[in-house]
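Peer 1: So I've got this file, query26.txt, and it contains compact mmCIF, C-alpha atoms:
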# COMPACT_ATOMS: atom_id res chain seq x y z
CA MET A 24 13.65 7.03 23.05
CA GLN A 25 14.29 3.29 23.22
CA LEU A 26 16.91 3.40 20.47
CA GLN A 27 18.57 6.46 22.01
CA ILE A 28 19.02 4.60 25.29
CA ILE A 29 20.53 1.60 23.48
CA ALA A 30 22.79 3.79 21.36
CA GLU A 31 24.18 5.52 24.46
CA ILE A 32 25.11 2.15 25.96
CA PHE A 33 27.07 1.03 22.92
CA LYS A 34 28.70 4.30 21.93
CA LYS A 35 31.01 3.87 24.91
CA GLY A 36 32.32 0.68 23.33
CA ARG A 37 35.03 -0.01 20.76
CA VAL A 38 34.56 1.09 17.15
CA LYS A 39 35.11 -1.28 14.23
CA HIS A 40 35.07 -0.50 10.51
CA LEU A 41 34.50 -3.53 8.30
CA PRO A 42 34.39 -3.91 4.50
CA LYS A 43 31.57 -5.34 2.42
CA GLY A 44 31.72 -9.15 2.45
CA GLN A 45 33.39 -9.39 5.86
CA VAL A 46 31.86 -12.10 8.06
CA VAL A 47 31.33 -10.61 11.52
CA ILE A 48 30.12 -13.79 13.25
CA TYR A 49 30.12 -17.42 12.14
CA GLU A 50 27.38 -19.89 12.96
CA GLY A 51 28.30 -21.69 16.17
CA ASP A 52 30.52 -18.88 17.49
CA PRO A 53 30.14 -18.00 21.19
CA THR A 54 28.29 -14.77 21.99
CA THR A 55 31.41 -13.05 23.28
CA ASN A 56 30.65 -9.69 21.62
CA ILE A 57 27.47 -7.70 21.00
CA TYR A 58 27.39 -5.21 18.10
CA PHE A 59 25.51 -1.95 17.48
CA ILE A 60 25.33 -0.81 13.86
CA GLN A 61 26.14 2.86 13.39
CA LYS A 62 26.38 2.72 9.59
CA GLY A 63 25.78 0.07 6.95
CA PHE A 64 23.91 -3.22 6.70
CA VAL A 65 24.54 -6.77 7.92
CA LYS A 66 22.79 -9.85 6.58
CA VAL A 67 21.89 -12.89 8.66
CA TYR A 68 21.91 -16.22 6.85
CA ASN A 69 22.42 -19.95 7.06
CA ILE A 70 23.91 -22.37 4.56
CA PHE A 71 22.21 -25.55 3.38
CA ASN A 72 24.07 -28.83 2.93
CA SER A 73 23.90 -28.12 -0.81
CA GLY A 74 25.99 -24.97 -0.21
CA ASP A 75 23.08 -22.65 -1.04
CA GLU A 76 22.70 -19.55 1.11
CA ARG A 77 19.41 -18.43 2.63
CA ILE A 78 19.26 -14.84 3.87
CA ILE A 79 16.88 -14.70 6.81
CA PHE A 80 17.23 -11.14 8.05
CA ILE A 81 18.94 -7.79 7.52
CA TYR A 82 20.15 -5.45 10.25
CA GLY A 83 20.71 -1.75 9.62
CA PRO A 84 21.67 1.44 11.49
CA GLY A 85 20.42 1.36 15.08
CA ASP A 86 20.17 -2.43 15.22
CA VAL A 87 21.95 -4.68 17.73
CA PHE A 88 23.11 -8.26 17.15
CA PRO A 89 23.25 -11.11 18.14
CA LEU A 90 21.12 -9.82 21.01
CA THR A 91 18.51 -12.58 21.00
CA SER A 92 21.23 -15.24 21.31
CA TYR A 93 22.80 -13.27 24.15
CA LEU A 94 19.55 -12.70 26.07
CA SER A 95 18.43 -16.32 25.60
CA GLY A 96 21.51 -17.45 27.52
CA SER A 97 22.34 -20.10 24.90
CA GLY A 98 25.85 -18.70 24.55
CA VAL A 99 26.03 -19.77 20.89
CA VAL A 100 25.12 -17.88 17.70
CA ARG A 101 22.73 -19.70 15.36
CA TYR A 102 23.51 -17.93 12.06
CA PHE A 103 26.21 -16.26 9.96
CA TYR A 104 26.40 -12.44 10.07
CA GLU A 105 28.05 -10.75 7.08
CA CYS A 106 28.49 -7.12 5.97
CA MET A 107 26.36 -6.23 2.94
CA SER A 108 28.13 -2.87 2.67
CA GLU A 109 30.89 -1.03 4.46
CA VAL A 110 29.89 -1.13 8.11
CA GLU A 111 30.71 0.90 11.22
CA LEU A 112 30.04 -0.95 14.47
CA TYR A 113 30.23 -0.23 18.17
CA VAL A 114 31.30 -3.34 20.08
CA LEU A 115 30.79 -4.38 23.69
CA GLY A 116 31.91 -7.66 25.21
CA SER A 117 28.98 -9.68 26.55
CA GLU A 118 30.28 -9.26 30.10
CA GLU A 119 30.72 -5.52 29.57
CA LEU A 120 27.10 -5.28 28.45
CA ARG A 121 25.91 -7.30 31.44
CA VAL A 122 27.67 -4.92 33.82
CA LYS A 123 26.24 -1.84 32.06
CA ILE A 124 22.65 -3.02 32.34
CA LYS A 125 22.89 -4.79 35.71
CA ASN A 126 21.88 -1.74 37.75
CA ASN A 127 20.27 0.24 34.93
CA PHE A 128 16.61 -0.78 34.75
CA GLU A 129 15.84 1.65 31.91
CA ALA A 130 18.64 0.26 29.71
CA GLY A 131 17.72 -3.35 30.46
CA GLU A 132 14.06 -2.70 29.68
CA ALA A 133 14.97 -0.96 26.41
CA LEU A 134 17.09 -3.93 25.29
CA VAL A 135 14.37 -6.45 26.16
CA ASP A 136 11.69 -4.42 24.35
CA TYR A 137 13.94 -4.05 21.31
CA SER A 138 14.72 -7.79 21.37
CA ASN A 139 10.99 -8.61 21.37
CA ILE A 140 10.43 -6.39 18.31
CA ILE A 141 13.30 -8.07 16.44
CA GLN A 142 12.10 -11.52 17.48
CA ASN A 143 8.66 -10.76 16.03
CA GLN A 144 10.24 -9.54 12.79
CA PHE A 145 12.30 -12.73 12.65
CA MET A 146 9.18 -14.86 13.09
CA GLU A 147 7.37 -12.95 10.34
CA ARG A 148 10.31 -13.59 8.02
CA ILE A 149 10.32 -17.30 8.86
CA ASP A 150 6.57 -17.48 8.27
CA ASN A 151 6.93 -15.74 4.90
CA LEU A 152 9.73 -18.11 3.89
CA SER A 153 7.30 -20.99 4.38
CA ILE A 154 4.92 -19.55 1.76
CA ASN A 155 4.86 -21.82 -1.31
CA ASP A 156 4.05 -19.10 -3.87
CA ALA A 157 7.10 -17.17 -5.17
CA ARG A 158 5.10 -14.03 -5.98
CA ARG A 159 3.69 -13.83 -2.46
CA LYS A 160 7.16 -14.38 -1.00
CA ILE A 161 8.68 -11.49 -2.93
CA ILE A 162 5.77 -9.14 -2.20
CA ALA A 163 6.10 -9.89 1.55
CA LEU A 164 9.86 -9.41 1.29
CA LEU A 165 9.48 -5.96 -0.30
CA SER A 166 7.45 -4.79 2.70
CA PHE A 167 10.16 -6.09 5.05
CA LEU A 168 12.90 -4.36 3.02
CA ILE A 169 11.16 -0.98 3.20
CA ASP A 170 11.20 -1.25 7.00
CA LYS A 171 14.81 -2.43 7.28
CA VAL A 172 16.75 -0.79 4.42
CA GLY A 173 14.44 1.91 3.12
CA LYS A 174 12.58 5.05 4.04
CA PRO A 175 8.79 4.64 4.18
CA SER A 176 7.12 6.96 1.66
CA ALA A 177 4.89 6.73 -1.39
CA MET A 178 8.01 5.94 -3.45
CA ALA A 179 10.42 4.17 -1.09
CA GLN A 180 14.02 3.83 -2.25
CA LEU A 181 16.08 1.07 -0.67
CA ASP A 182 19.39 2.25 0.77
CA ILE A 183 21.31 -0.79 -0.43
CA ASN A 184 21.84 -2.36 -3.84
CA LEU A 185 20.29 -5.84 -3.88
CA THR A 186 20.96 -8.28 -6.71
CA GLN A 187 18.40 -10.71 -8.05
CA GLN A 188 20.44 -13.44 -6.36
CA ASP A 189 20.07 -11.60 -3.04
CA ILE A 190 16.30 -11.50 -3.54
CA ALA A 191 16.31 -15.19 -4.44
CA ASN A 192 18.34 -16.04 -1.33
CA MET A 193 15.94 -14.08 0.87
CA CYS A 194 12.96 -15.95 -0.57
CA ALA A 195 14.50 -19.45 -0.85
CA ILE A 196 13.78 -19.58 -4.58
CA THR A 197 15.96 -19.79 -7.69
CA ARG A 198 17.45 -16.68 -9.26
CA GLU A 199 15.49 -17.38 -12.45
CA THR A 200 12.21 -17.45 -10.53
CA ALA A 201 13.12 -14.27 -8.67
CA SER A 202 14.03 -12.55 -11.94
CA ALA A 203 10.69 -13.48 -13.53
CA GLN A 204 8.70 -12.23 -10.53
CA ILE A 205 10.68 -8.98 -10.27
CA LEU A 206 10.09 -8.33 -13.99
CA ARG A 207 6.36 -8.88 -13.47
CA LEU A 208 6.29 -6.44 -10.54
CA LYS A 209 8.18 -3.88 -12.65
CA ARG A 210 5.56 -4.20 -15.38
CA GLU A 211 2.88 -3.61 -12.75
CA GLY A 212 4.68 -0.49 -11.55
CA VAL A 213 5.38 -1.85 -8.06
CA ILE A 214 9.18 -1.89 -8.52
CA LEU A 215 11.09 0.90 -10.25
CA GLY A 216 14.75 1.79 -10.61
CA SER A 217 17.67 -0.48 -11.35
CA LYS A 218 20.78 -0.04 -9.19
CA HIS A 219 18.81 1.06 -6.12
CA MET A 220 15.33 -0.41 -6.07
CA ILE A 221 12.40 1.99 -5.67
CA ILE A 222 9.10 0.58 -4.45
CA ASN A 223 5.68 2.11 -5.04
CA THR A 224 4.28 1.51 -1.55
CA ILE A 225 0.70 2.37 -2.53
CA LYS A 226 0.66 -0.39 -5.15
CA LEU A 227 2.58 -2.73 -2.86
CA ASN A 228 0.11 -2.26 0.00
CA SER A 229 -2.74 -2.88 -2.42
CA LEU A 230 -1.17 -6.22 -3.40
CA LEU A 231 -0.53 -7.14 0.25
CA SER A 232 -4.20 -6.53 1.04
CA LYS A 233 -5.46 -8.28 -2.09
CA LEU A 234 -3.34 -11.39 -1.42
CA GLY A 235 -4.03 -11.38 2.31
CA ILE A 236 -0.35 -11.16 3.23
CA THR A 237 0.30 -10.15 6.83
CA VAL A 238 3.60 -8.33 7.54
Please rewrite the model in this file as C-alpha cells.
Peer 2:
Amino acid sequence: MQLQIIAEIFKKGRVKHLPKGQVVIYEGDPTTNIYFIQKGFVKVYNIFNSGDERIIFIYGPGDVFPLTSYLSGSGVVRYFYECMSEVELYVLGSEELRVKIKNNFEAGEALVDYSNIIQNQFMERIDNLSINDARRKIIALLSFLIDKVGKPSAMAQLDINLTQQDIANMCAITRETASAQILRLKREGVILGSKHMIINTIKLNSLLSKLGITV
C-alpha cells in the first residue's frame, strides 16, 4: 500500500530513460529533483582520494532517491548516483513534490515511513562495511542483494549482473580478495551461476546465523 501511494505521486511526473553508466546525480549537487525508479537499478557510491569507488547502496524498482537528503532539508546530495543498467525514472522537482504532499497526509506519511526503512538499510550497510573480515562482509552483502536486486526464494537469482569488482567495491576490499571469497562460497554451494548470480538462501541464512551477522 505504501509503495502504491508513492508510485501514484511520481507517475504524474516527467519520464526519463537513461543508459547504463549514466550518472544521475553528482555528489554535492542540490536536491532539485527527486526520482522514482520504474525499471532498472541505480548504485549509490562515493570516491576516495585514491580514486577508488565504494558502492554503498543499490536502488531498484519502486525506490525513490535522494529522498533522505530532501527530507533532511540539507539541500545537498552526499553521494554519486549512477545507472547500473538501463533505467526508467519518473521525475518530480523538489518543489513539485512539496506541493503534492503538503495537503496530503497519507502521501507524506508514506514517504516518511519509506525514508525510515531506507535509512535503516543504509545504516546496516555502513555497519557491515566496518566489519574487518572479508568473508563476513560478502556474506552480509549477499543478504542485502537478495532484498534489493533479487527475488527471495530458496534459490534467489539476482536481477542484475554484478562483476567481482562490483562486489569488491560494495565491500571495500580488493578484487582479488573478493574473487577468493566468492570462489570459496561457490565451493560451499552458497553461490551458483555465472552471469547472473544465484544464491542458495538456506545455506546463506545458515552462515549468517553461524557467524552472528545481523542484516
Peer 1: Out of A:Asn139, A:Asn72, A:Gly96, A:Ile222, which residue has the shortest atom-to-atom distance to Asp170 (chain A) when counting all atoms listed in the file?
Peer 2: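 Ranking A:Asn139, A:Asn72, A:Gly96, A:Ile222 by distance to Asp170 (chain A), first place goes to A:Ile222.
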Peer 1: Would you mind listing what lies within 7 Å of Val87 (chain A) as a CSV table (one decimal) with C-alpha atoms, keeping the file's coordinate frame, with all atoms listed in the file counted and same-chain residues fewer than 5 positions away left out?
Peer 2:
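Wrote it out as part-v9.csv, contents follow:
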chain,number,residue,atom,x,y,z
A,58,TYR,CA,27.4,-5.2,18.1
A,59,PHE,CA,25.5,-2.0,17.5
A,60,ILE,CA,25.3,-0.8,13.9
Peer 1: Skipping near chain neighbours, those fewer than 4 positions away, what residues fall within 12 Å of region 140-151 of chain A using only C-alpha atoms, listed as an MDAnalysis selection string?
Peer 2: chainID A and resid 25:26 67:68 77:83 85:92 94:95 133:136 155:168 170:171 193:195 236:238
Peer 1: For a quick check of understanding, using all atoms listed in the file, which of A:Thr186, A:Gln45, A:Ser229, A:Ser117 has the smallest distance to Arg198 (chain A)?
Peer 2: A:Thr186
Peer 1: At a cut-off of 8 Å around the point (18.6, -5.2, 1.1) (file coordinates), what residues fall inside when counting only C-alpha atoms? I'd like the answer as a PyMOL selection string.
Peer 2: chain A and resi 64+81+168+171-172+181-185+189
Peer 1: Counting all atoms listed in the file, figure out which residue out of A:Gln188, A:Val99, A:Leu120, A:Leu234 gets nearest to Asp52 (chain A).
Peer 2: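 Among A:Gln188, A:Val99, A:Leu120, A:Leu234, it is A:Val99 that comes nearest to Asp52 (chain A).
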Peer 1: When you count only C-alpha atoms, which of these residues is closest to Leu227 (chain A): A:Gln27, A:Asn127, A:Ser176, A:Ser97?
Peer 2: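 For Leu227 (chain A), the nearest of the given residues is A:Ser176.
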Peer 1: Could you give me, as a PyMOL selection string, the residues within 6 Å of Asn56 (chain A), counting all atoms listed in the file and dropping anything in the same chain fewer than 2 positions from it?
Peer 2: chain A and resi 54+115-117
Peer 1: What does the distance from CA of Leu112 (chain A) to CA of Gln187 (chain A) come to in Å, to one decimal?
Peer 2: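 We find that CA of Leu112 (chain A) and CA of Gln187 (chain A) lie 27.2 Å from each other.
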Peer 1: My list of candidates is A:Tyr93, A:Tyr49, A:Tyr113, A:Phe103. Which is closest to Gln61 (chain A) when distances are computed with all atoms listed in the file?
Peer 2: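 For Gln61 (chain A), the nearest of the candidates is A:Tyr113.
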Peer 1: Leaving out Thr200 (chain A) and any residue of its chain fewer than 4 positions from it, which residues lie within 9 Å of it when counting all atoms listed in the file, given as a ChimeraX atom specification?
Peer 2: /A:157,191,196,204-205
Peer 1: Using the file's own x, y and z axes, what box holds all listed atoms of region 191-200 of chain A with 5 Å on each side, keeping edges along x, y and z, and what are its centre and edge lengths in Å to one decimal, as JSON?
Peer 2:
{"center_x": 15.3, "center_y": -16.9, "center_z": -5.8, "size_x": 16.1, "size_y": 15.7, "size_z": 23.3}
Peer 1: To one decimal in Å, tell me the separation between CA of Lys62 (chain A) and CA of Glu111 (chain A).
Peer 2: 5.0 Å
Peer 1: Which residue out of A:Ser232, A:Asn69, A:Asn126, A:Thr224 has the minimum interatomic distance to Lys174 (chain A) when all atoms listed in the file are used?
Peer 2: A:Thr224
Peer 1: Ala130 (chain A): which residues within 7 Å, counting only C-alpha atoms, same-chain residues fewer than 6 positions away excluded, as a compact mmCIF listing (two decimals) with C-alpha atoms, keeping the file's coordinate frame?
Peer 2:
# COMPACT_ATOMS: atom_id res chain seq x y z
CA ILE A 28 19.02 4.60 25.29
CA ILE A 29 20.53 1.60 23.48
CA ILE A 124 22.65 -3.02 32.34
